[in-house]
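**Q** Provided herewith: upload-v7.cif, mmCIF, C-alpha atoms.
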```cif
data_input
loop_
_atom_site.label_atom_id
_atom_site.label_comp_id
_atom_site.auth_asym_id
_atom_site.auth_seq_id
_atom_site.Cartn_x
_atom_site.Cartn_y
_atom_site.Cartn_z
CA MET F 1 0.00 0.00 0.00
CA LYS F 2 1.27 3.42 -0.92
CA LYS F 3 2.16 5.55 2.05
CA ILE F 4 0.42 8.92 2.16
CA THR F 5 2.90 11.62 3.04
CA PHE F 6 2.09 14.67 5.12
CA SER F 7 2.34 17.08 2.19
CA ARG F 8 0.18 14.85 0.00
CA LEU F 9 -2.44 14.67 2.74
CA LYS F 10 -2.45 18.45 2.99
CA PHE F 11 -2.80 18.70 -0.78
CA VAL F 12 -5.74 16.25 -0.81
CA MET F 13 -7.51 18.09 2.00
CA LEU F 14 -6.99 21.46 0.34
CA THR F 15 -8.32 20.09 -2.95
CA VAL F 16 -11.41 18.73 -1.19
CA LEU F 17 -12.00 22.06 0.55
CA LEU F 18 -11.49 24.01 -2.68
CA THR F 19 -13.87 21.74 -4.56
CA MET F 20 -16.49 22.16 -1.85
CA PHE F 21 -16.04 25.94 -1.94
CA THR F 22 -16.18 26.33 -5.71
CA SER F 23 -19.11 23.97 -6.08
CA THR F 24 -21.25 26.44 -4.14
CA ASN F 25 -22.66 29.41 -5.99
CA VAL F 26 -20.29 31.93 -4.44
CA PHE F 27 -18.82 32.76 -7.84
CA ALA F 28 -22.06 32.29 -9.66
CA TYR F 29 -23.16 35.92 -9.78
CA THR F 30 -23.79 36.85 -13.34
CA THR F 31 -24.21 40.30 -14.73
CA TYR F 32 -26.59 39.49 -17.54
CA GLU F 33 -29.31 41.97 -18.08
CA GLU F 34 -30.98 40.25 -21.01
CA SER F 35 -34.68 39.80 -20.70
CA HIS F 36 -36.82 36.71 -20.94
CA ARG F 37 -34.24 34.20 -19.84
CA ASP F 38 -34.71 31.53 -17.27
CA HIS F 39 -32.31 33.05 -14.79
CA TYR F 40 -32.07 33.52 -11.06
CA ASN F 41 -29.68 33.70 -8.15
CA LYS F 42 -29.99 31.78 -4.93
CA ILE F 43 -28.92 33.20 -1.57
CA PHE F 44 -25.43 31.88 -0.97
CA PHE F 45 -25.75 31.74 2.77
CA TYR F 46 -29.33 30.54 3.15
CA THR F 47 -29.34 28.63 6.39
CA TYR F 48 -32.42 27.15 8.00
CA PRO F 49 -34.17 26.51 4.69
CA LEU F 50 -37.91 25.99 4.75
CA GLN F 51 -38.64 22.26 4.72
CA TYR F 52 -41.26 20.07 3.10
CA GLY F 53 -43.99 19.08 5.51
CA THR F 54 -45.82 15.79 5.75
CA ASN F 55 -48.44 17.22 3.38
CA GLY F 56 -45.83 17.21 0.60
CA LYS F 57 -45.70 21.01 0.52
CA VAL F 58 -43.33 23.63 1.87
CA ASN F 59 -45.49 25.26 4.52
CA ILE F 60 -45.14 29.02 4.72
CA ASN F 61 -47.01 30.22 7.76
CA TYR F 62 -47.12 33.96 7.41
CA SER F 63 -48.63 36.66 9.56
CA TYR F 64 -49.16 40.36 9.09
CA THR F 65 -48.85 43.04 11.76
CA GLU F 66 -49.59 46.68 11.09
CA ALA F 67 -47.27 48.68 13.35
CA GLY F 68 -47.39 51.94 11.41
CA SER F 69 -50.24 53.94 10.02
CA HIS F 70 -50.87 52.18 6.70
CA TYR F 71 -52.59 48.83 6.28
CA PHE F 72 -50.90 46.34 3.92
CA GLY F 73 -53.01 43.27 4.75
CA TYR F 74 -54.55 43.02 1.31
CA ARG F 75 -51.13 43.54 -0.32
CA VAL F 76 -49.77 40.65 1.77
CA LEU F 77 -52.68 38.50 0.67
CA LEU F 78 -52.05 39.26 -3.01
CA ALA F 79 -48.33 38.51 -2.64
CA ALA F 80 -49.13 35.25 -0.84
CA TYR F 81 -51.50 34.31 -3.63
CA ALA F 82 -48.83 35.06 -6.25
CA LEU F 83 -46.35 32.84 -4.41
CA GLY F 84 -48.70 29.99 -3.66
CA GLY F 85 -51.50 30.49 -6.16
CA THR F 86 -52.97 27.32 -7.59
CA SER F 87 -55.18 28.81 -10.27
CA THR F 88 -54.59 27.66 -13.83
CA TYR F 89 -54.29 31.37 -14.68
CA SER F 90 -51.36 31.86 -12.31
CA ASN F 91 -47.87 32.17 -13.73
CA TRP F 92 -47.04 28.87 -12.12
CA TYR F 93 -49.45 27.03 -14.35
CA MET F 94 -48.90 29.21 -17.40
CA SER F 95 -45.11 28.88 -17.28
CA TYR F 96 -44.61 25.37 -16.00
CA ASN F 97 -47.97 23.70 -16.33
CA ASN F 98 -47.55 22.93 -12.68
CA TYR F 99 -48.42 24.13 -9.20
CA PRO F 100 -46.16 25.81 -6.64
CA PRO F 101 -44.35 23.76 -4.00
CA PHE F 102 -45.65 26.11 -1.28
CA LEU F 103 -48.71 26.15 0.88
CA LEU F 104 -49.26 29.59 2.35
CA THR F 105 -51.37 29.88 5.47
CA GLU F 106 -52.06 33.00 7.51
CA VAL F 107 -51.38 32.36 11.21
CA SER F 108 -50.80 34.41 14.35
CA PRO F 109 -47.43 36.24 14.58
CA SER F 110 -46.18 33.97 17.37
CA SER F 111 -46.51 30.82 15.26
CA ALA F 112 -45.43 32.29 11.92
CA ASN F 113 -42.22 31.25 10.20
CA VAL F 114 -42.53 34.30 7.94
CA PRO F 115 -43.92 37.15 10.08
CA ILE F 116 -44.48 40.36 8.14
CA THR F 117 -44.59 43.75 9.86
CA SER F 118 -45.15 47.15 8.30
CA ASN F 119 -43.93 50.29 10.02
CA ASN F 120 -42.42 53.68 9.36
CA TYR F 121 -38.61 53.38 9.43
CA GLY F 122 -37.97 56.74 7.77
CA ASN F 123 -35.84 57.52 4.73
CA VAL F 124 -33.38 54.67 5.15
CA ASP F 125 -32.26 53.12 1.85
CA TRP F 126 -34.61 50.12 1.81
CA VAL F 127 -38.34 49.64 1.27
CA GLY F 128 -38.47 46.02 2.39
CA LEU F 129 -36.13 43.83 4.40
CA CYS F 130 -35.98 40.09 5.04
CA SER F 131 -33.84 38.14 7.49
CA ALA F 132 -33.65 35.19 5.13
CA SER F 133 -30.88 33.31 6.92
CA SER F 134 -32.62 33.29 10.31
CA LYS F 135 -34.86 30.49 11.53
CA VAL F 136 -37.83 32.84 11.63
CA LYS F 137 -37.70 34.83 8.42
CA ASN F 138 -38.86 38.26 9.51
CA ILE F 139 -40.03 40.60 6.80
CA LYS F 140 -40.21 44.34 7.46
CA ILE F 141 -42.00 46.74 5.17
CA ASN F 142 -41.04 50.42 5.29
CA GLU F 143 -44.18 52.47 4.73
CA TYR F 144 -42.29 55.79 4.81
CA PHE F 145 -42.00 55.99 1.02
CA MET F 146 -45.75 56.28 0.60
CA ASP F 147 -45.63 59.63 2.33
CA ASP F 148 -42.38 60.83 0.77
CA GLY F 149 -42.98 63.58 -1.78
CA TYR F 150 -40.29 62.36 -4.15
CA TYR F 151 -40.66 58.57 -4.07
CA ASN F 152 -44.40 58.71 -3.60
CA TYR F 153 -45.01 54.93 -3.53
CA ALA F 154 -48.57 53.88 -4.22
CA LEU F 155 -50.09 51.31 -1.86
CA GLU F 156 -50.46 48.94 -4.83
CA GLU F 157 -46.71 49.09 -5.48
CA TYR F 158 -46.04 47.41 -2.14
CA THR F 159 -47.43 44.09 -3.40
CA VAL F 160 -44.30 43.49 -5.43
CA VAL F 161 -42.12 44.64 -2.50
CA ILE F 162 -43.78 42.09 -0.20
CA LEU F 163 -43.57 39.35 -2.83
CA HIS F 164 -39.89 40.20 -3.41
CA GLU F 165 -39.19 39.79 0.33
CA MET F 166 -41.21 36.55 0.42
CA LEU F 167 -39.02 35.20 -2.37
CA HIS F 168 -35.98 36.10 -0.27
CA SER F 169 -37.53 34.14 2.59
CA VAL F 170 -37.66 31.02 0.40
CA GLY F 171 -34.02 31.45 -0.62
CA LEU F 172 -33.86 33.53 -3.78
CA ASP F 173 -31.36 36.35 -4.15
CA HIS F 174 -31.40 39.43 -6.36
CA TYR F 175 -31.10 39.15 -10.08
CA ASN F 176 -30.42 42.12 -12.30
CA CYS F 177 -33.26 41.75 -14.78
CA ASN F 178 -36.08 44.26 -15.12
CA ASP F 179 -38.71 41.59 -15.72
CA GLU F 180 -38.11 39.65 -12.57
CA VAL F 181 -39.53 40.18 -9.14
CA MET F 182 -36.02 39.57 -7.80
CA LEU F 183 -34.63 42.75 -9.35
CA SER F 184 -33.20 44.59 -6.35
CA ALA F 185 -34.90 47.93 -6.80
CA LYS F 186 -38.13 46.42 -8.15
CA ARG F 187 -40.91 48.95 -8.34
CA GLY F 188 -44.26 48.97 -10.12
CA TYR F 189 -47.73 47.56 -10.16
CA ASN F 190 -47.00 44.26 -11.86
CA TYR F 191 -46.37 41.48 -9.37
CA ASP F 192 -46.44 38.47 -11.68
CA LEU F 193 -43.71 35.96 -11.06
CA HIS F 194 -41.35 35.77 -14.02
CA PRO F 195 -40.26 32.35 -15.31
CA GLY F 196 -36.80 33.18 -13.92
CA ASP F 197 -38.22 33.57 -10.40
CA ILE F 198 -40.18 30.36 -10.79
CA GLY F 199 -37.14 28.56 -12.18
CA GLY F 200 -35.17 29.58 -9.11
CA ILE F 201 -37.86 28.20 -6.82
CA TYR F 202 -38.01 24.89 -8.69
CA ASP F 203 -34.25 24.65 -8.51
CA LYS F 204 -34.45 24.91 -4.72
CA TYR F 205 -37.62 22.92 -4.03
CA MET W 1 25.98 15.67 11.08
CA ILE W 2 22.30 15.65 10.14
CA ASN W 3 20.13 13.96 12.64
CA ILE W 4 17.82 11.99 10.30
CA LYS W 5 16.00 10.25 13.11
CA SER W 6 15.07 13.51 14.76
CA GLU W 7 13.89 15.01 11.42
CA VAL W 8 11.71 12.00 10.64
CA PHE W 9 10.30 12.20 14.14
CA THR W 10 9.48 15.90 13.67
CA VAL W 11 7.65 15.22 10.38
CA HIS W 12 5.71 12.35 11.96
CA LYS W 13 4.93 14.45 14.99
CA LYS W 14 3.67 17.29 12.78
CA ARG W 15 1.53 14.89 10.78
CA ASN W 16 0.06 13.39 13.93
CA ILE W 17 -0.74 16.78 15.42
CA PHE W 18 -2.38 17.80 12.12
CA LEU W 19 -4.45 14.61 12.01
CA ILE W 20 -5.48 14.92 15.66
CA LEU W 21 -6.52 18.54 15.09
CA CYS W 22 -8.56 17.51 12.05
CA LEU W 23 -10.20 14.76 14.09
CA ILE W 24 -11.02 17.17 16.93
CA ILE W 25 -12.55 19.65 14.46
CA ILE W 26 -14.63 16.96 12.72
CA VAL W 27 -15.84 15.48 16.02
CA GLY W 28 -16.46 18.97 17.42
CA ILE W 29 -18.51 20.00 14.39
CA GLY W 30 -20.47 16.75 14.65
CA ALA W 31 -21.18 17.12 18.36
CA PHE W 32 -21.97 20.83 18.36
CA LYS W 33 -23.36 21.06 14.86
CA ASP W 34 -26.08 23.55 15.70
CA ASN W 35 -23.83 25.81 17.77
CA VAL W 36 -21.11 25.72 15.13
CA THR W 37 -23.62 26.50 12.38
CA GLU W 38 -25.01 29.38 14.38
CA ALA W 39 -21.55 30.79 15.16
CA LEU W 40 -20.57 30.38 11.53
CA ASN W 41 -23.80 32.07 10.50
CA ALA W 42 -23.15 35.00 12.76
CA GLY W 43 -19.60 35.37 11.45
CA LEU W 44 -20.52 35.07 7.81
CA ASP W 45 -23.56 37.27 8.33
CA ARG W 46 -21.24 39.98 9.49
CA MET W 47 -19.03 39.47 6.45
CA LEU W 48 -21.71 39.08 3.82
CA GLY W 49 -24.69 40.86 5.31
CA SER W 50 -27.50 38.58 6.34
CA LYS W 51 -30.41 40.77 5.36
CA GLN W 52 -31.89 40.85 1.92
CA VAL W 53 -33.55 44.08 1.00
CA SER W 54 -35.65 45.81 -1.58
CA ALA W 55 -33.12 48.52 -2.16
CA LEU W 56 -33.86 52.09 -2.97
CA PHE W 57 -31.52 53.27 -5.69
CA PRO W 58 -33.38 55.47 -8.16
CA PHE W 59 -30.21 56.60 -9.97
CA ASP W 60 -28.91 55.74 -13.43
CA ASN W 61 -25.60 57.56 -13.18
CA ILE W 62 -23.31 59.16 -10.63
CA ASP W 63 -24.31 62.69 -11.72
CA GLN W 64 -27.85 61.99 -10.52
CA VAL W 65 -26.51 60.82 -7.14
CA ILE W 66 -24.53 64.07 -6.77
CA GLU W 67 -27.49 66.22 -7.81
CA ALA W 68 -29.71 64.48 -5.25
CA THR W 69 -27.22 64.98 -2.41
CA PRO W 70 -27.66 68.08 -0.24
CA ASN W 71 -24.43 67.56 1.73
CA VAL W 72 -21.05 66.19 0.65
CA VAL W 73 -18.78 66.10 3.66
CA ARG W 74 -15.39 64.77 4.67
CA VAL W 75 -15.66 63.29 8.15
CA LYS W 76 -13.79 61.33 10.75
CA VAL W 77 -15.70 58.47 12.36
CA LEU W 78 -15.53 58.87 16.14
CA SER W 79 -17.71 56.07 17.46
CA SER W 80 -20.47 53.64 16.54
CA LYS W 81 -23.33 52.36 18.65
CA ASN W 82 -25.51 49.36 17.85
CA PHE W 83 -29.15 49.37 18.85
CA LYS W 84 -32.41 47.69 17.95
CA TYR W 85 -35.55 49.35 16.70
CA ASP W 86 -38.58 47.13 16.09
CA ASP W 87 -36.27 44.08 16.04
CA ILE W 88 -34.06 45.56 13.33
CA ASP W 89 -30.39 46.20 14.09
CA PHE W 90 -29.32 49.75 13.43
CA VAL W 91 -26.04 51.58 14.00
CA SER W 92 -25.71 55.23 14.95
CA ASN W 93 -22.29 56.60 14.10
CA GLU W 94 -20.93 59.78 15.63
CA VAL W 95 -18.74 61.55 13.10
CA GLN W 96 -16.86 64.83 13.12
CA VAL W 97 -17.11 67.03 10.04
CA LEU W 98 -13.62 67.91 8.79
CA ASP W 99 -14.52 69.70 5.62
CA THR W 100 -17.55 70.30 3.39
CA LEU W 101 -17.69 70.18 -0.42
CA ARG W 102 -21.38 71.00 -0.28
CA SER W 103 -23.54 71.91 2.68
CA ASN W 104 -27.19 72.75 2.21
CA ASP W 105 -27.94 72.02 5.86
CA GLY W 106 -25.34 74.45 7.20
CA LEU W 107 -22.85 71.80 8.28
CA LYS W 108 -19.52 73.24 9.40
CA PRO W 109 -16.03 71.86 10.15
CA ASP W 110 -15.66 70.43 13.66
CA GLN W 111 -19.40 69.90 13.98
CA LYS W 112 -20.37 66.46 15.29
CA ILE W 113 -23.28 64.72 13.61
CA THR W 114 -24.94 61.29 13.75
CA ILE W 115 -25.16 58.98 10.75
CA LEU W 116 -27.81 56.26 10.88
CA GLN W 117 -27.12 52.95 9.14
CA THR W 118 -28.96 49.62 8.97
CA LYS W 119 -26.74 46.79 10.16
CA ASP W 120 -26.35 43.86 7.76
CA VAL W 121 -27.66 46.05 4.96
CA ASN W 122 -25.26 48.99 4.73
CA THR W 123 -21.48 48.89 4.66
CA LEU W 124 -20.82 50.11 8.16
CA LEU W 125 -18.54 53.05 8.92
CA GLN W 126 -15.31 52.08 10.67
CA LYS W 127 -14.04 53.92 13.74
CA ASN W 128 -11.16 56.39 13.18
CA THR W 129 -11.57 56.24 9.42
CA GLU W 130 -11.66 59.36 7.30
CA MET W 131 -14.58 59.21 4.93
CA MET W 132 -16.24 61.28 2.21
CA LEU W 133 -19.99 60.94 2.65
CA PHE W 134 -23.02 61.97 0.60
CA ILE W 135 -25.67 62.63 3.22
CA GLU W 136 -29.14 63.99 3.76
CA LYS W 137 -31.21 64.60 6.89
CA TYR W 138 -32.89 61.52 8.33
CA ARG W 139 -36.66 61.87 8.38
CA GLY W 140 -38.20 59.22 10.57
CA PRO W 141 -38.82 58.01 14.11
CA ILE W 142 -35.62 56.04 14.82
CA ILE W 143 -33.28 58.89 15.80
CA GLU W 144 -33.51 62.64 16.09
CA ASN W 145 -31.30 65.09 14.19
CA GLY W 146 -29.49 62.37 12.30
CA TYR W 147 -28.34 61.92 8.74
CA VAL W 148 -28.40 59.01 6.30
CA ILE W 149 -26.09 58.19 3.42
CA ILE W 150 -27.49 58.61 -0.10
CA GLY W 151 -26.77 56.11 -2.87
CA HIS W 152 -25.68 53.07 -0.82
CA ASP W 153 -22.02 52.34 -1.57
CA TYR W 154 -21.88 55.11 -4.16
CA GLY W 155 -22.31 57.62 -1.35
CA GLN W 156 -19.39 56.66 0.87
CA TYR W 157 -15.67 56.66 0.14
CA VAL W 158 -12.58 56.09 2.26
CA VAL W 159 -10.25 59.08 2.06
CA SER W 160 -6.58 58.32 1.88
CA ASP W 161 -3.95 60.82 0.72
CA LYS W 162 -6.64 63.01 -0.85
CA ASN W 163 -7.80 60.02 -2.89
CA LEU W 164 -11.22 58.41 -2.70
CA LYS W 165 -11.88 54.71 -2.62
CA ARG W 166 -15.31 53.11 -2.70
CA VAL W 167 -15.93 51.06 0.43
CA THR W 168 -17.35 48.02 -1.33
CA LYS W 169 -18.79 47.13 -4.68
CA ASN W 170 -21.74 45.20 -3.26
CA LEU W 171 -24.25 47.21 -5.22
CA ASP W 172 -22.51 46.53 -8.54
CA LYS W 173 -24.17 43.17 -8.97
CA VAL W 174 -27.51 44.94 -8.62
CA LYS W 175 -26.87 48.19 -10.46
CA LYS W 176 -23.47 49.27 -11.67
CA ILE W 177 -22.82 52.89 -12.51
CA ALA W 178 -19.54 54.48 -13.53
CA VAL W 179 -17.72 56.65 -10.97
CA ASP W 180 -15.45 59.08 -12.79
CA TYR W 181 -13.57 60.63 -9.88
CA THR W 182 -10.79 59.18 -7.79
CA SER W 183 -9.65 62.19 -5.78
CA ILE W 184 -11.19 64.89 -3.61
CA ALA W 185 -10.23 67.53 -6.20
CA GLU W 186 -12.03 65.67 -8.99
CA LEU W 187 -15.11 65.17 -6.83
CA LYS W 188 -15.08 68.87 -5.88
CA ASN W 189 -15.07 69.81 -9.57
CA LYS W 190 -18.06 67.58 -10.15
CA VAL W 191 -19.94 68.85 -7.10
CA ASP W 192 -19.38 72.45 -8.26
CA LYS W 193 -20.59 71.64 -11.78
CA LEU W 194 -23.69 69.73 -10.66
CA PRO W 195 -25.69 71.82 -8.18
CA TYR W 196 -28.08 70.25 -5.70
CA LYS W 197 -31.63 69.72 -6.92
CA THR W 198 -34.42 69.45 -4.38
CA PRO W 199 -36.71 66.38 -4.54
CA GLU W 200 -39.43 68.64 -5.98
CA GLU W 201 -37.12 69.89 -8.75
CA ARG W 202 -36.06 66.32 -9.59
CA LYS W 203 -39.65 65.19 -9.63
CA GLN W 204 -40.67 67.96 -12.02
CA GLU W 205 -37.71 67.11 -14.26
CA LYS W 206 -38.71 63.46 -14.29
CA LEU W 207 -42.31 64.33 -15.17
CA LYS W 208 -41.09 66.56 -18.02
CA GLU W 209 -38.86 63.76 -19.32
CA GLU W 210 -41.73 61.29 -19.24
CA ALA W 211 -44.02 63.76 -21.02
CA ASN W 212 -41.39 64.29 -23.73
CA LYS W 213 -41.00 60.54 -24.16
CA GLU W 214 -44.76 60.17 -24.56
CA LYS W 215 -44.79 63.00 -27.12
CA ILE W 216 -42.13 61.22 -29.19
CA ASN W 217 -43.96 57.91 -28.98
CA THR W 218 -47.37 59.33 -29.92
CA PRO W 219 -47.71 59.85 -33.70
CA GLU W 220 -49.15 63.16 -34.84
CA VAL W 221 -52.68 62.96 -36.21
CA LYS W 222 -53.28 65.21 -39.21
CA GLN W 223 -56.81 66.37 -39.78
#
```
Could you render the structure from this file as structure tokens?
**A**
Amino acid sequence: MKKITFSRLKFVMLTVLLTMFTSTNVFAYTTYEESHRDHYNKIFFYTYPLQYGTNGKVNINYSYTEAGSHYFGYRVLLAAYALGGTSTYSNWYMSYNNYPPFLLTEVSPSSANVPITSNNYGNVDWVGLCSASSKVKNIKINEYFMDDGYYNYALEEYTVVILHEMLHSVGLDHYNCNDEVMLSAKRGYNYDLHPGDIGGIYDKY
Amino acid sequence: MINIKSEVFTVHKKRNIFLILCLIIIVGIGAFKDNVTEALNAGLDRMLGSKQVSALFPFDNIDQVIEATPNVVRVKVLSSKNFKYDDIDFVSNEVQVLDTLRSNDGLKPDQKITILQTKDVNTLLQKNTEMMLFIEKYRGPIIENGYVIIGHDYGQYVVSDKNLKRVTKNLDKVKKIAVDYTSIAELKNKVDKLPYKTPEERKQEKLKEEANKEKINTPEVKQ
């Protein structure tokens, strides 16, 4: 039997570590901006992923708390429907002829794995925020920009913000494409999931 | 005379220590998997930023960032304090103004001001560092009389020997814009050429632009 030397052992271990490191998507960020491609990024450091339940679905138990002065409950509902919608008219069915892997249920904040809170956080540089790598994936919605004279967000525009944060909570990262919900500075009234967003979800679940 | 025996022993000893250390690490990770994962999470979170955000960056070029900035100031970071607001980690940084390239809020050298940042979202200011910051007044309930940085990483630069260096290029993967200044002098030239526009002025400009676009796109109807 060939004797493994110390330096060879080090080399083997380093190679294994390097392979493990490069096989993750740490270098996978692309800068494509072309439209209509099946593209997405996944969060590199997405710990505590949401798991499949015994019902064969990934159970997203969300809650909504209004801590500021604007009510986003209906916006949350629309975003939840977009993420877990089972209608044949939903993008899920249209794009993949299939249904989403998620089951979204509204629960109380204490038992939610995706609690959503809206509040006024002032003119900080974010509209929505998600702690995607925590066990409980808190989503915060900054209502300030509705009352800001320059940004002037419409209530309807928050649906895509909430959906964007929900997609973070299931493990998707930003992707620089104007069509996709996962565009970082996504703004507008359209909150349809793009095939790229859906492709990312199917890649994870 | 070379002591071969002792050299061989040293190599063997080194190998054994290395193997034992590997074994301890593997067993340790196995036994305290959750704790190790959590510690690793915390460490990497600090490095990578654990929060994902819907960012606010309504700029297409660096000129727009400069026009939207009421104050461009060179500061020294004195101290930073972490605190929570509604379960979100924020940082309030006390900085001393050293110099102003633009000051619409009457900021003066030696004045101490507070800069609010969101932890795990913004690139945090480092103590004792000299920085060039693009700032505006903070309008919200978290702190009083504070300022926030405009333009994410495009609004903060480390100053070293009168040169400016962007703190990180995190935003580039989201929206990359060209920065055509590398020194304080070059930035000053730009700031002088591009005066501050109030949000109202920028809004009116944007509306005009959109109206012009619509005009171009709508064909004339001859009667």
**Q** In Å, how far is it from atom CA of F:His164 to atom CA of W:Ala68?
**A**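 Straight-line distance from atom CA of F:His164 to atom CA of W:Ala68 works out to 26.4 Å.
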**Q** Go through the shown structure with the PyMOL selection byres ((chain W and resi 83) around 12) and write out the matching residues as a count of residues only.
**A** 19
**Q** Give me, as a ChimeraX atom specification, the contact residues of chain W against chain F at a cut-off of 7 Å, counting all atoms listed in the file.
**A** /W:15,50-57,138-142,148,173-174,199-200,203
**Q** Keeping C-alpha atoms for every residue in the selection just given, could you write it to a file as an mmCIF file, in the frame of the given file?
**A**
```
data_model
loop_
_atom_site.group_PDB
_atom_site.id
_atom_site.type_symbol
_atom_site.label_atom_id
_atom_site.label_comp_id
_atom_site.auth_asym_id
_atom_site.auth_seq_id
_atom_site.Cartn_x
_atom_site.Cartn_y
_atom_site.Cartn_z
ATOM 1 C CA ARG W 15 1.530 14.890 10.780
ATOM 2 C CA SER W 50 -27.500 38.580 6.340
ATOM 3 C CA LYS W 51 -30.410 40.770 5.360
ATOM 4 C CA GLN W 52 -31.890 40.850 1.920
ATOM 5 C CA VAL W 53 -33.550 44.080 1.000
ATOM 6 C CA SER W 54 -35.650 45.810 -1.580
ATOM 7 C CA ALA W 55 -33.120 48.520 -2.160
ATOM 8 C CA LEU W 56 -33.860 52.090 -2.970
ATOM 9 C CA PHE W 57 -31.520 53.270 -5.690
ATOM 10 C CA TYR W 138 -32.890 61.520 8.330
ATOM 11 C CA ARG W 139 -36.660 61.870 8.380
ATOM 12 C CA GLY W 140 -38.200 59.220 10.570
ATOM 13 C CA PRO W 141 -38.820 58.010 14.110
ATOM 14 C CA ILE W 142 -35.620 56.040 14.820
ATOM 15 C CA VAL W 148 -28.400 59.010 6.300
ATOM 16 C CA LYS W 173 -24.170 43.170 -8.970
ATOM 17 C CA VAL W 174 -27.510 44.940 -8.620
ATOM 18 C CA PRO W 199 -36.710 66.380 -4.540
ATOM 19 C CA GLU W 200 -39.430 68.640 -5.980
ATOM 20 C CA LYS W 203 -39.650 65.190 -9.630
#
```
**Q** Can you translate the PyMOL selection byres ((chain F and resi 91-95) around 10) into the concrete residues it hits in this file, as a list of chain:residue names?
**A**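 Selection result, ordered by chain and number: F:Ala82, F:Leu83, F:Gly84, F:Gly85, F:Thr86, F:Ser87, F:Thr88, F:Tyr89, F:Ser90, F:Tyr96, F:Asn97, F:Asn98, F:Tyr99, F:Pro100, F:Pro101, F:Asp192, F:Leu193, F:His194, F:Pro195, F:Gly196, F:Ile198, F:Gly199.
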**Q** Would you kindly translate the PyMOL selection byres ((chain W and resi 101) around 6) into the concrete residues it picks from this file, as a VMD selection string?
**A** chain W and resid 72 to 73 100 102
**Q** Name the closest residue to W:Lys165 among the candidates W:Gly151, W:Asn104, W:Met131, W:Lys76; distances are taken between atoms, counting only C-alpha atoms.
**A**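 Checking each candidate against W:Lys165, we get W:Met131 as the closest.
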**Q** Could you check how far atom CA of W:Val95 sits from atom CA of W:Asp63, in Å to one decimal?
**A**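 Computing it gives 25.5 Å between the two atoms.
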**Q** Please identify all polymer residues within 8 Å of W:Ile150, counting all atoms listed in the file, omitting same-chain residues fewer than 2 positions from it, and present them as a PDB file with C-alpha atoms, in the coordinates of the input.
**A**
```pdb
ATOM      1  CA  ASP F 125     -32.260  53.120   1.850  1.00  0.00           C
TER       2      ASP F 125
ATOM      3  CA  VAL W  65     -26.510  60.820  -7.140  1.00  0.00           C
ATOM      4  CA  THR W  69     -27.220  64.980  -2.410  1.00  0.00           C
ATOM      5  CA  PHE W 134     -23.020  61.970   0.600  1.00  0.00           C
ATOM      6  CA  ILE W 135     -25.670  62.630   3.220  1.00  0.00           C
ATOM      7  CA  GLU W 136     -29.140  63.990   3.760  1.00  0.00           C
ATOM      8  CA  VAL W 148     -28.400  59.010   6.300  1.00  0.00           C
ATOM      9  CA  HIS W 152     -25.680  53.070  -0.820  1.00  0.00           C
ATOM     10  CA  TYR W 154     -21.880  55.110  -4.160  1.00  0.00           C
ATOM     11  CA  GLY W 155     -22.310  57.620  -1.350  1.00  0.00           C
TER      12      GLY W 155
END
```
**Q** So the first atom is atom CA of W:Asn163 and the second is atom CA of W:Ile149; what is the distance between them in Å, to one decimal place?
**A**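 If I compute the distance from atom CA of W:Asn163 to atom CA of W:Ile149, I get 19.4 Å.
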**Q** Once 6 Å is added on each side, what centre and edge lengths in Å to one decimal does the axis-aligned box around all listed atoms of stretch 212-217 of chain W have, as AutoDock Vina command-line options?
**A**
```
--center_x -42.9 --center_y 61.1 --center_z -26.5 --size_x 15.8 --size_y 18.4 --size_z 17.5
```
**Q** Would you mind listing what lies within 8 Å of F:Phe72 as a ChimeraX atom specification, with only C-alpha atoms counted and same-chain residues fewer than 3 positions away left out?
**A** /F:66,75-76,118,155,158
**Q** Pull C-alpha atoms from the residues just selected and write them as a PDB file, in the coordinates of the input.
**A**
```pdb
ATOM      1  CA  GLU F  66     -49.590  46.680  11.090  1.00  0.00           C
ATOM      2  CA  ARG F  75     -51.130  43.540  -0.320  1.00  0.00           C
ATOM      3  CA  VAL F  76     -49.770  40.650   1.770  1.00  0.00           C
ATOM      4  CA  SER F 118     -45.150  47.150   8.300  1.00  0.00           C
ATOM      5  CA  LEU F 155     -50.090  51.310  -1.860  1.00  0.00           C
ATOM      6  CA  TYR F 158     -46.040  47.410  -2.140  1.00  0.00           C
TER       7      TYR F 158
END
```
**Q** Excluding F:Ser110 and its own-chain neighbours fewer than 5 positions away, which residues fall within 12 Å of it when counting all atoms listed in the file? Please give them as a compact mmCIF listing (two decimals) with C-alpha atoms, in the coordinates of the input.
**A**
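out.txt written:
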```
# COMPACT_ATOMS: atom_id res chain seq x y z
CA ASN F 61 -47.01 30.22 7.76
CA TYR F 62 -47.12 33.96 7.41
CA SER F 63 -48.63 36.66 9.56
CA TYR F 64 -49.16 40.36 9.09
CA THR F 65 -48.85 43.04 11.76
CA PRO F 115 -43.92 37.15 10.08
CA ILE F 116 -44.48 40.36 8.14
CA VAL F 136 -37.83 32.84 11.63
CA ASN F 138 -38.86 38.26 9.51
```
**Q** Please determine, counting all atoms listed in the file, which residue among F:Ala112, F:Asp203, F:Phe102, F:Glu143 has the shortest atom-to-atom distance to F:Tyr52.
**A**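 Among the listed residues, the smallest separation from F:Tyr52 belongs to F:Phe102.
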**Q** For the point (-28.6, 73.4, 9.2) in the file's frame, write as a PyMOL selection string all residues with an atom no more than 12 Å away, counting only C-alpha atoms.
**A** chain W and resi 70-71+103-108+111+113+136-137+145-147
